[in-house]
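Here is query_32.cif, consisting of mmCIF, C-alpha atoms (C1' of nucleotides):
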```
data_final
loop_
_atom_site.label_atom_id
_atom_site.label_comp_id
_atom_site.auth_asym_id
_atom_site.auth_seq_id
_atom_site.Cartn_x
_atom_site.Cartn_y
_atom_site.Cartn_z
CA MET A 28 12.61 -13.45 11.33
CA PHE A 29 11.19 -10.66 13.33
CA ALA A 30 11.32 -12.17 16.78
CA LYS A 31 13.37 -15.18 17.75
CA CYS A 32 14.29 -16.05 21.25
CA SER A 33 17.38 -18.17 20.85
CA PRO A 34 19.36 -16.40 18.10
CA GLN A 35 17.37 -13.23 18.47
CA LEU A 36 20.07 -10.66 19.06
CA ASP A 37 19.87 -10.01 15.33
CA TRP A 38 16.36 -8.75 15.70
CA VAL A 39 17.14 -6.42 18.53
CA PHE A 40 20.18 -5.19 16.65
CA ASN A 41 18.19 -4.53 13.50
CA MET A 42 15.46 -2.75 15.34
CA THR A 43 18.03 -0.54 16.96
CA LEU A 44 19.44 0.38 13.59
CA LEU A 45 15.98 1.49 12.56
CA THR A 46 15.62 3.39 15.81
CA LEU A 47 12.71 1.26 16.90
CA THR A 48 12.13 0.00 20.40
CA PRO A 49 13.95 -3.27 20.94
CA VAL A 50 11.91 -6.36 21.58
CA ASP A 51 11.50 -7.22 25.24
CA VAL A 52 13.46 -10.44 25.37
CA SER A 53 12.46 -11.04 28.96
CA ALA A 54 8.91 -11.65 27.75
CA CYS A 55 9.99 -14.89 26.12
CA ALA A 56 8.10 -17.81 27.55
CA PRO A 57 10.23 -20.56 29.08
CA ASP A 58 8.81 -23.27 26.80
CA GLY A 59 10.41 -21.85 23.68
CA LEU A 60 7.91 -19.16 22.77
CA SER A 61 9.50 -15.88 21.74
CA ALA A 62 8.21 -12.35 22.06
CA PRO A 63 6.13 -11.12 19.14
CA ILE A 64 6.56 -7.60 17.80
CA GLY A 65 4.33 -4.88 19.22
CA ARG A 66 1.97 -2.65 17.31
CA PRO A 67 4.07 0.56 17.29
CA GLU A 68 7.13 -1.28 15.99
CA ALA A 69 5.04 -3.05 13.34
CA GLU A 70 3.60 0.26 12.19
CA GLN A 71 7.03 1.88 11.88
CA LEU A 72 8.34 -1.07 9.92
CA ALA A 73 5.26 -1.00 7.69
CA ILE A 74 5.79 2.68 6.89
CA LEU A 75 9.32 1.91 5.79
CA LEU A 76 8.34 -1.08 3.66
CA LYS A 77 5.40 0.78 2.12
CA ALA A 78 7.82 3.36 0.80
CA ILE A 79 9.51 0.63 -1.25
CA ALA A 80 6.40 -1.36 -2.13
CA ASP A 81 5.40 0.63 -5.19
CA PRO A 82 6.39 -0.21 -8.77
CA THR A 83 7.14 3.39 -9.69
CA ARG A 84 9.35 3.91 -6.66
CA ILE A 85 11.14 0.62 -7.31
CA GLN A 86 11.86 1.80 -10.82
CA LEU A 87 13.01 5.18 -9.55
CA ILE A 88 15.48 3.53 -7.22
CA SER A 89 16.69 1.31 -10.03
CA TYR A 90 17.07 4.22 -12.44
CA ILE A 91 18.93 6.35 -9.92
CA ASN A 92 21.29 3.52 -9.12
CA ALA A 93 21.78 2.76 -12.81
CA SER A 94 22.63 6.37 -13.63
CA LYS A 95 26.13 7.78 -13.90
CA ASN A 96 27.65 8.33 -10.45
CA ALA A 97 24.50 6.64 -9.09
CA GLU A 98 22.63 9.94 -9.00
CA ALA A 99 19.87 11.52 -11.08
CA CYS A 100 17.80 14.69 -11.23
CA VAL A 101 14.03 14.82 -11.64
CA CYS A 102 14.23 15.83 -15.28
CA ASN A 103 16.20 12.67 -16.04
CA LEU A 104 13.57 10.44 -14.44
CA THR A 105 10.37 11.90 -15.84
CA GLN A 106 10.78 10.74 -19.41
CA PRO A 107 11.81 7.07 -18.95
CA LEU A 108 8.99 6.47 -16.45
CA ALA A 109 6.42 8.27 -18.62
CA LEU A 110 4.92 10.09 -15.66
CA SER A 111 4.35 13.76 -14.96
CA GLN A 112 7.01 15.76 -13.15
CA PRO A 113 4.87 16.33 -10.00
CA THR A 114 4.23 12.60 -9.74
CA ILE A 115 7.95 11.86 -9.89
CA SER A 116 8.62 14.55 -7.30
CA HIS A 117 5.95 13.04 -5.07
CA HIS A 118 7.51 9.57 -5.18
CA LEU A 119 10.98 10.95 -4.59
CA LYS A 120 9.67 12.77 -1.55
CA VAL A 121 8.21 9.55 -0.15
CA LEU A 122 11.53 7.77 -0.64
CA ALA A 123 13.47 10.66 0.89
CA GLU A 124 11.21 10.83 3.94
CA ALA A 125 11.82 7.12 4.49
CA GLY A 126 15.54 7.81 4.38
CA LEU A 127 16.03 5.63 1.33
CA ILE A 128 17.38 8.35 -0.95
CA GLU A 129 19.17 11.62 -0.35
CA ARG A 130 18.50 15.02 -1.86
CA GLU A 131 21.14 17.55 -2.90
CA LYS A 132 20.43 20.80 -4.68
CA ARG A 133 23.13 21.97 -7.08
CA GLY A 134 22.10 25.14 -8.88
CA THR A 135 18.80 24.71 -10.64
CA TRP A 136 18.95 20.92 -10.52
CA VAL A 137 18.19 18.64 -7.60
CA TRP A 138 20.18 15.43 -7.49
CA TYR A 139 18.94 12.29 -5.82
CA SER A 140 21.14 9.40 -4.76
CA LEU A 141 20.67 6.20 -2.76
CA ASN A 142 21.33 5.95 0.96
CA GLN A 143 23.35 2.75 0.92
CA ASP A 144 23.49 2.42 4.70
CA ARG A 145 19.72 2.54 4.92
CA TRP A 146 19.41 -0.23 2.36
CA LYS A 147 21.79 -2.42 4.30
CA GLN A 148 19.60 -1.93 7.36
CA ILE A 149 16.50 -3.07 5.54
CA SER A 150 18.24 -6.04 4.02
CA SER A 151 19.49 -7.24 7.38
CA LEU A 152 16.11 -6.50 8.94
CA LEU A 153 14.38 -9.08 6.80
CA GLU A 154 16.95 -11.79 7.39
CA VAL A 155 15.49 -15.01 8.68
CA MET B 5 20.72 -2.88 -5.48
CA PHE B 6 18.22 -3.85 -8.08
CA ALA B 7 20.35 -3.56 -11.17
CA LYS B 8 24.11 -3.45 -11.22
CA CYS B 9 26.19 -4.12 -14.27
CA SER B 10 29.50 -5.19 -12.86
CA PRO B 11 28.60 -7.47 -9.97
CA GLN B 12 25.05 -7.88 -11.13
CA LEU B 13 24.74 -11.63 -11.28
CA ASP B 14 23.21 -11.32 -7.83
CA TRP B 15 20.29 -9.45 -9.21
CA VAL B 16 19.63 -11.86 -12.03
CA PHE B 17 19.95 -14.72 -9.58
CA ASN B 18 17.52 -13.17 -7.17
CA MET B 19 15.07 -12.34 -9.86
CA THR B 20 15.20 -15.89 -11.06
CA LEU B 21 14.40 -17.14 -7.60
CA LEU B 22 11.30 -14.98 -7.65
CA THR B 23 10.44 -16.25 -11.10
CA LEU B 24 10.80 -12.82 -12.60
CA THR B 25 12.35 -12.08 -15.95
CA PRO B 26 16.08 -11.53 -15.62
CA VAL B 27 17.48 -8.11 -16.36
CA ASP B 28 18.80 -7.69 -19.88
CA VAL B 29 22.47 -7.25 -19.13
CA SER B 30 23.27 -6.52 -22.77
CA ALA B 31 21.43 -3.22 -22.38
CA CYS B 32 24.17 -1.93 -20.13
CA ALA B 33 25.78 1.17 -21.54
CA PRO B 34 29.54 0.98 -22.10
CA ASP B 35 30.30 4.02 -19.94
CA GLY B 36 29.33 2.28 -16.72
CA LEU B 37 25.58 2.69 -16.80
CA SER B 38 23.70 -0.44 -15.84
CA ALA B 39 20.32 -1.64 -16.96
CA PRO B 40 17.41 -0.39 -14.87
CA ILE B 41 14.57 -2.72 -13.95
CA GLY B 42 11.57 -2.85 -16.28
CA ARG B 43 7.97 -2.13 -15.39
CA PRO B 44 6.67 -5.74 -15.23
CA GLU B 45 9.47 -6.79 -12.92
CA ALA B 46 8.93 -3.73 -10.74
CA GLU B 47 5.23 -4.48 -10.47
CA GLN B 48 5.82 -8.09 -9.46
CA LEU B 49 8.31 -7.03 -6.84
CA ALA B 50 5.92 -4.35 -5.57
CA ILE B 51 3.13 -6.92 -5.17
CA LEU B 52 5.42 -9.04 -3.06
CA LEU B 53 6.59 -6.16 -0.88
CA LYS B 54 3.07 -4.80 -0.48
CA ALA B 55 2.07 -8.10 1.08
CA ILE B 56 4.59 -7.45 3.86
CA ALA B 57 4.15 -3.69 4.14
CA ASP B 58 1.17 -3.73 6.49
CA PRO B 59 1.40 -3.49 10.29
CA THR B 60 -1.24 -6.15 10.88
CA ARG B 61 0.46 -8.61 8.54
CA ILE B 62 3.85 -7.89 10.08
CA GLN B 63 2.38 -8.69 13.47
CA LEU B 64 0.75 -11.83 12.11
CA ILE B 65 4.08 -13.03 10.79
CA SER B 66 5.71 -12.24 14.10
CA TYR B 67 3.02 -14.00 16.10
CA ILE B 68 3.12 -17.09 13.92
CA ASN B 69 6.87 -17.29 14.20
CA ALA B 70 6.73 -16.71 17.94
CA SER B 71 4.20 -19.49 18.48
CA LYS B 72 5.04 -23.03 19.49
CA ASN B 73 6.42 -25.01 16.54
CA ALA B 74 6.30 -21.70 14.62
CA GLU B 75 2.70 -22.29 13.57
CA ALA B 76 -0.65 -20.84 14.59
CA CYS B 77 -4.34 -21.17 13.75
CA VAL B 78 -6.70 -18.27 13.09
CA CYS B 79 -8.36 -18.59 16.46
CA ASN B 80 -4.99 -18.04 18.14
CA LEU B 81 -4.34 -14.86 16.20
CA THR B 82 -7.69 -13.09 16.46
CA GLN B 83 -7.54 -12.20 20.11
CA PRO B 84 -3.99 -10.79 20.45
CA LEU B 85 -4.45 -8.58 17.39
CA ALA B 86 -7.92 -7.40 18.50
CA LEU B 87 -9.37 -7.78 15.02
CA SER B 88 -12.34 -9.72 13.70
CA GLN B 89 -11.86 -13.26 12.44
CA PRO B 90 -12.66 -12.38 8.79
CA THR B 91 -10.08 -9.60 8.88
CA ILE B 92 -7.40 -11.99 10.12
CA SER B 93 -8.38 -14.53 7.48
CA HIS B 94 -8.14 -11.83 4.83
CA HIS B 95 -4.59 -10.88 5.82
CA LEU B 96 -3.50 -14.50 6.04
CA LYS B 97 -4.83 -15.02 2.53
CA VAL B 98 -2.79 -12.10 1.25
CA LEU B 99 0.33 -13.50 2.87
CA ALA B 100 -0.37 -17.00 1.55
CA GLU B 101 -0.95 -15.77 -2.00
CA ALA B 102 2.42 -14.03 -1.85
CA GLY B 103 3.98 -17.33 -0.82
CA LEU B 104 5.11 -15.93 2.52
CA ILE B 105 3.14 -18.35 4.69
CA GLU B 106 1.80 -21.84 4.19
CA ARG B 107 -1.62 -23.23 5.00
CA GLU B 108 -2.37 -26.67 6.37
CA LYS B 109 -5.78 -27.86 7.42
CA ARG B 110 -5.84 -30.36 10.28
CA GLY B 111 -9.38 -31.22 11.28
CA THR B 112 -11.39 -28.14 12.07
CA TRP B 113 -8.32 -25.96 12.53
CA VAL B 114 -6.19 -24.38 9.85
CA TRP B 115 -2.53 -23.98 10.75
CA TYR B 116 -0.35 -21.32 9.23
CA SER B 117 3.44 -21.38 9.20
CA LEU B 118 6.20 -19.34 7.60
CA ASN B 119 7.78 -20.21 4.27
CA GLN B 120 11.40 -19.78 5.28
CA ASP B 121 12.76 -20.21 1.77
CA ARG B 122 10.59 -17.41 0.50
CA TRP B 123 11.87 -15.10 3.22
CA LYS B 124 15.46 -15.86 2.32
CA GLN B 125 14.68 -14.90 -1.27
CA ILE B 126 13.29 -11.54 -0.24
CA SER B 127 16.18 -10.84 2.06
CA SER B 128 18.74 -11.54 -0.65
CA LEU B 129 16.66 -9.59 -3.13
CA LEU B 130 17.09 -6.36 -1.21
CA GLU B 131 20.82 -6.78 -0.72
CA VAL B 132 22.85 -3.86 -1.87
"C1'" DT C 7 14.49 43.99 -14.39
"C1'" DT C 8 12.03 40.06 -17.22
"C1'" DC C 9 12.00 35.48 -19.17
"C1'" DT C 10 12.92 30.64 -18.87
"C1'" DT C 11 13.90 26.35 -16.60
"C1'" DT C 12 13.74 23.13 -12.69
"C1'" DC C 13 11.46 21.44 -9.02
"C1'" DA C 14 7.91 21.51 -5.16
"C1'" DT C 15 3.25 22.18 -3.44
"C1'" DA C 16 -1.97 22.40 -3.52
"C1'" DG C 17 -6.16 20.53 -4.63
"C1'" DA C 18 -9.10 17.19 -7.12
"C1'" DT C 19 -10.20 12.54 -8.74
"C1'" DG C 20 -10.47 7.73 -9.21
"C1'" DC C 21 -8.64 3.38 -7.74
"C1'" DT C 22 -7.12 0.38 -4.02
"C1'" DT C 23 -7.51 -1.62 0.43
"C1'" DA C 24 -8.43 -2.52 5.45
"C1'" DT C 25 -12.16 -3.34 8.07
"C1'" DC C 26 -16.70 -4.70 9.35
"C1'" DT C 27 -21.28 -7.64 9.38
"C1'" DA C 28 -23.67 -11.37 7.40
"C1'" DT C 29 -23.53 -15.70 5.42
"C1'" DG C 30 -21.62 -20.08 3.56
"C1'" DT C 31 -18.67 -24.27 4.10
"C1'" DT C 32 -16.39 -27.83 6.35
"C1'" DG C 33 -15.38 -30.86 10.11
"C1'" DT C 34 -16.54 -32.92 14.70
"C1'" DA C 35 -19.61 -34.57 18.29
"C1'" DC C 36 -23.84 -36.26 19.68
"C1'" DG D 12 -29.65 -37.05 10.94
"C1'" DT D 13 -28.90 -32.16 14.11
"C1'" DA D 14 -25.94 -28.89 16.54
"C1'" DC D 15 -21.79 -26.51 17.18
"C1'" DA D 16 -17.16 -24.70 16.17
"C1'" DA D 17 -13.49 -22.98 12.90
"C1'" DC D 18 -12.63 -20.74 8.96
"C1'" DA D 19 -13.63 -18.61 4.31
"C1'" DT D 20 -16.29 -15.69 1.28
"C1'" DA D 21 -19.43 -11.81 -0.16
"C1'" DG D 22 -20.74 -7.27 0.01
"C1'" DA D 23 -20.49 -2.60 1.98
"C1'" DT D 24 -17.97 1.34 3.72
"C1'" DA D 25 -14.43 4.43 4.84
"C1'" DA D 26 -9.74 5.64 4.61
"C1'" DG D 27 -5.52 5.80 1.94
"C1'" DC D 28 -2.92 6.63 -2.13
"C1'" DA D 29 -1.23 7.34 -7.03
"C1'" DT D 30 -2.00 10.35 -10.45
"C1'" DC D 31 -3.21 14.51 -12.75
"C1'" DT D 32 -3.57 19.87 -13.64
"C1'" DA D 33 -2.59 24.30 -11.92
"C1'" DT D 34 0.32 27.12 -9.46
"C1'" DG D 35 4.31 28.76 -6.65
"C1'" DA D 36 9.35 29.19 -5.53
"C1'" DA D 37 14.08 29.44 -6.75
"C1'" DA D 38 17.95 29.86 -9.80
"C1'" DG D 39 20.19 31.29 -14.02
"C1'" DA D 40 20.35 34.06 -18.59
"C1'" DA D 41 19.60 38.07 -21.25
#
```
Starting from the coordinates I provided, produce the structure as structure tokens.
Amino acid sequence: MFAKCSPQLDWVFNMTLLTLTPVDVSACAPDGLSAPIGRPEAEQLAILLKAIADPTRIQLISYINASKNAEACVCNLTQPLALSQPTISHHLKVLAEAGLIEREKRGTWVWYSLNQDRWKQISSLLEV
Amino acid sequence: MFAKCSPQLDWVFNMTLLTLTPVDVSACAPDGLSAPIGRPEAEQLAILLKAIADPTRIQLISYINASKNAEACVCNLTQPLALSQPTISHHLKVLAEAGLIEREKRGTWVWYSLNQDRWKQISSLLEV
DNA sequence: TTCTTTCATAGATGCTTATCTATGTTGTAC
DNA sequence: GTACAACATAGATAAGCATCTATGAAAGAA
């Protein structure tokens, strides 16, 4: 997980992908202790995970990915989730600011799609 | 991600690991649409992710894993995180209730360690 | 132009949660 | 037995957040 001394290149690599400061490997104690994550890195990671850790946003992601061409506009998401349009827009904004979905305006509609690369980063980030 | 029709056995498998109801694959539309995740499943997944999506808990996990034998007692975690003992206990309880860490009382001390299997589940759950 | 539709933003509200102090519980030593 | 140490629990408080209604901005149609 987060910080491992022996096979810990994964951690540094993952942090780099998320543009976080790499763990200081030199801080590893000689008796096998590894370097724990610092507060700024933990806060950045928490912001990212908080964006996903909401049932409505999880459903939004699922609905977008389940839609044709893996994209959906706000009007397509309001009805199945039974929430107001501003609430849906709010959640989509949170996901977009975390880099998890992408926004593209085509005429009157705004289409949202998943950022696959970002998801791969998160998946690898949580690997043990 | 969450629900894919074609190679979607992964999702059902992951959901099963987390003891969530499998996605109803028969609901997949014939034109390529896949079945989006339902509200109960999304809420269960959100509860799990919320347990991780906190900077203090991320640091706790990191510190536990970085400790000798990958275990730590509360008294070892209070000082480096600069938080009160009840606050640390509170966060450890949240992590334990989510199945992310395990608790073992040995004498006066209580030792916490990571549940590696649980972490593997989460990692595979977020795979694209 | 004016009207309609789609989406975003502003502000308010109620619920959740992270933190603290104070206290209780359990185990060890004397 | 008492005293002390480690940890959990209870209750209070303040900050955060998910949701709503109301409104604004932008694009297309008539």
Correct to one decimal, the distance atom C1' of C:DT19-atom C1' of D:DC28 is 11.5 Å
What residues come out when you apply the PyMOL selection byres ((chain B) within 8 of (chain D)) to this file, written as JSON, numbers by chain? {"B": [78, 79, 90, 93, 112, 113, 114]}
Give me, as CSV, the closest atom pair and its distance (Å, one decimal) for every residue of chain B within a cut-off of 12 Å of chain C, counting all atoms listed in the file, rows sorted by chain and rising number.
```
residue,atom,partner,partner_atom,distance
B:Lys54,CA,C:DT23,C1',11.1
B:Ala55,CA,C:DT23,C1',11.6
B:Asp58,CA,C:DA24,C1',9.7
B:Pro59,CA,C:DA24,C1',11.0
B:Thr60,CA,C:DA24,C1',9.7
B:Arg61,CA,C:DA24,C1',11.2
B:Ala86,CA,C:DT25,C1',12.0
B:Leu87,CA,C:DT25,C1',8.7
B:Ser88,CA,C:DC26,C1',7.9
B:Gln89,CA,C:DC26,C1',10.3
B:Pro90,CA,C:DC26,C1',8.7
B:Thr91,CA,C:DT25,C1',6.6
B:Ile92,CA,C:DT25,C1',10.1
B:Ser93,CA,C:DT25,C1',11.8
B:His94,CA,C:DA24,C1',9.3
B:His95,CA,C:DA24,C1',9.2
B:Val98,CA,C:DT23,C1',11.5
B:Lys109,CA,C:DG33,C1',10.4
B:Arg110,CA,C:DG33,C1',9.6
B:Gly111,CA,C:DG33,C1',6.1
B:Thr112,CA,C:DG33,C1',5.2
B:Trp113,CA,C:DG33,C1',8.9
B:Val114,CA,C:DG33,C1',11.2
```
Straight-line distance linking atom CA of A:Thr105 with atom CA of A:Asn92, stated in Å to one decimal: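 Distance reported for this atom pair: 15.3 Å.
For the pair atom CA of A:Asn96 and atom CA of A:Ser140, the separation is 8.7 Å.
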Centre and size of axis-aligned box enclosing stretch 76-87 of chain A plus 5 Å each side, as lines of an AutoDock Vina configuration file:
```
center_x = 9.2
center_y = 1.9
center_z = -3.6
size_x = 17.6
size_y = 16.5
size_z = 24.5
```
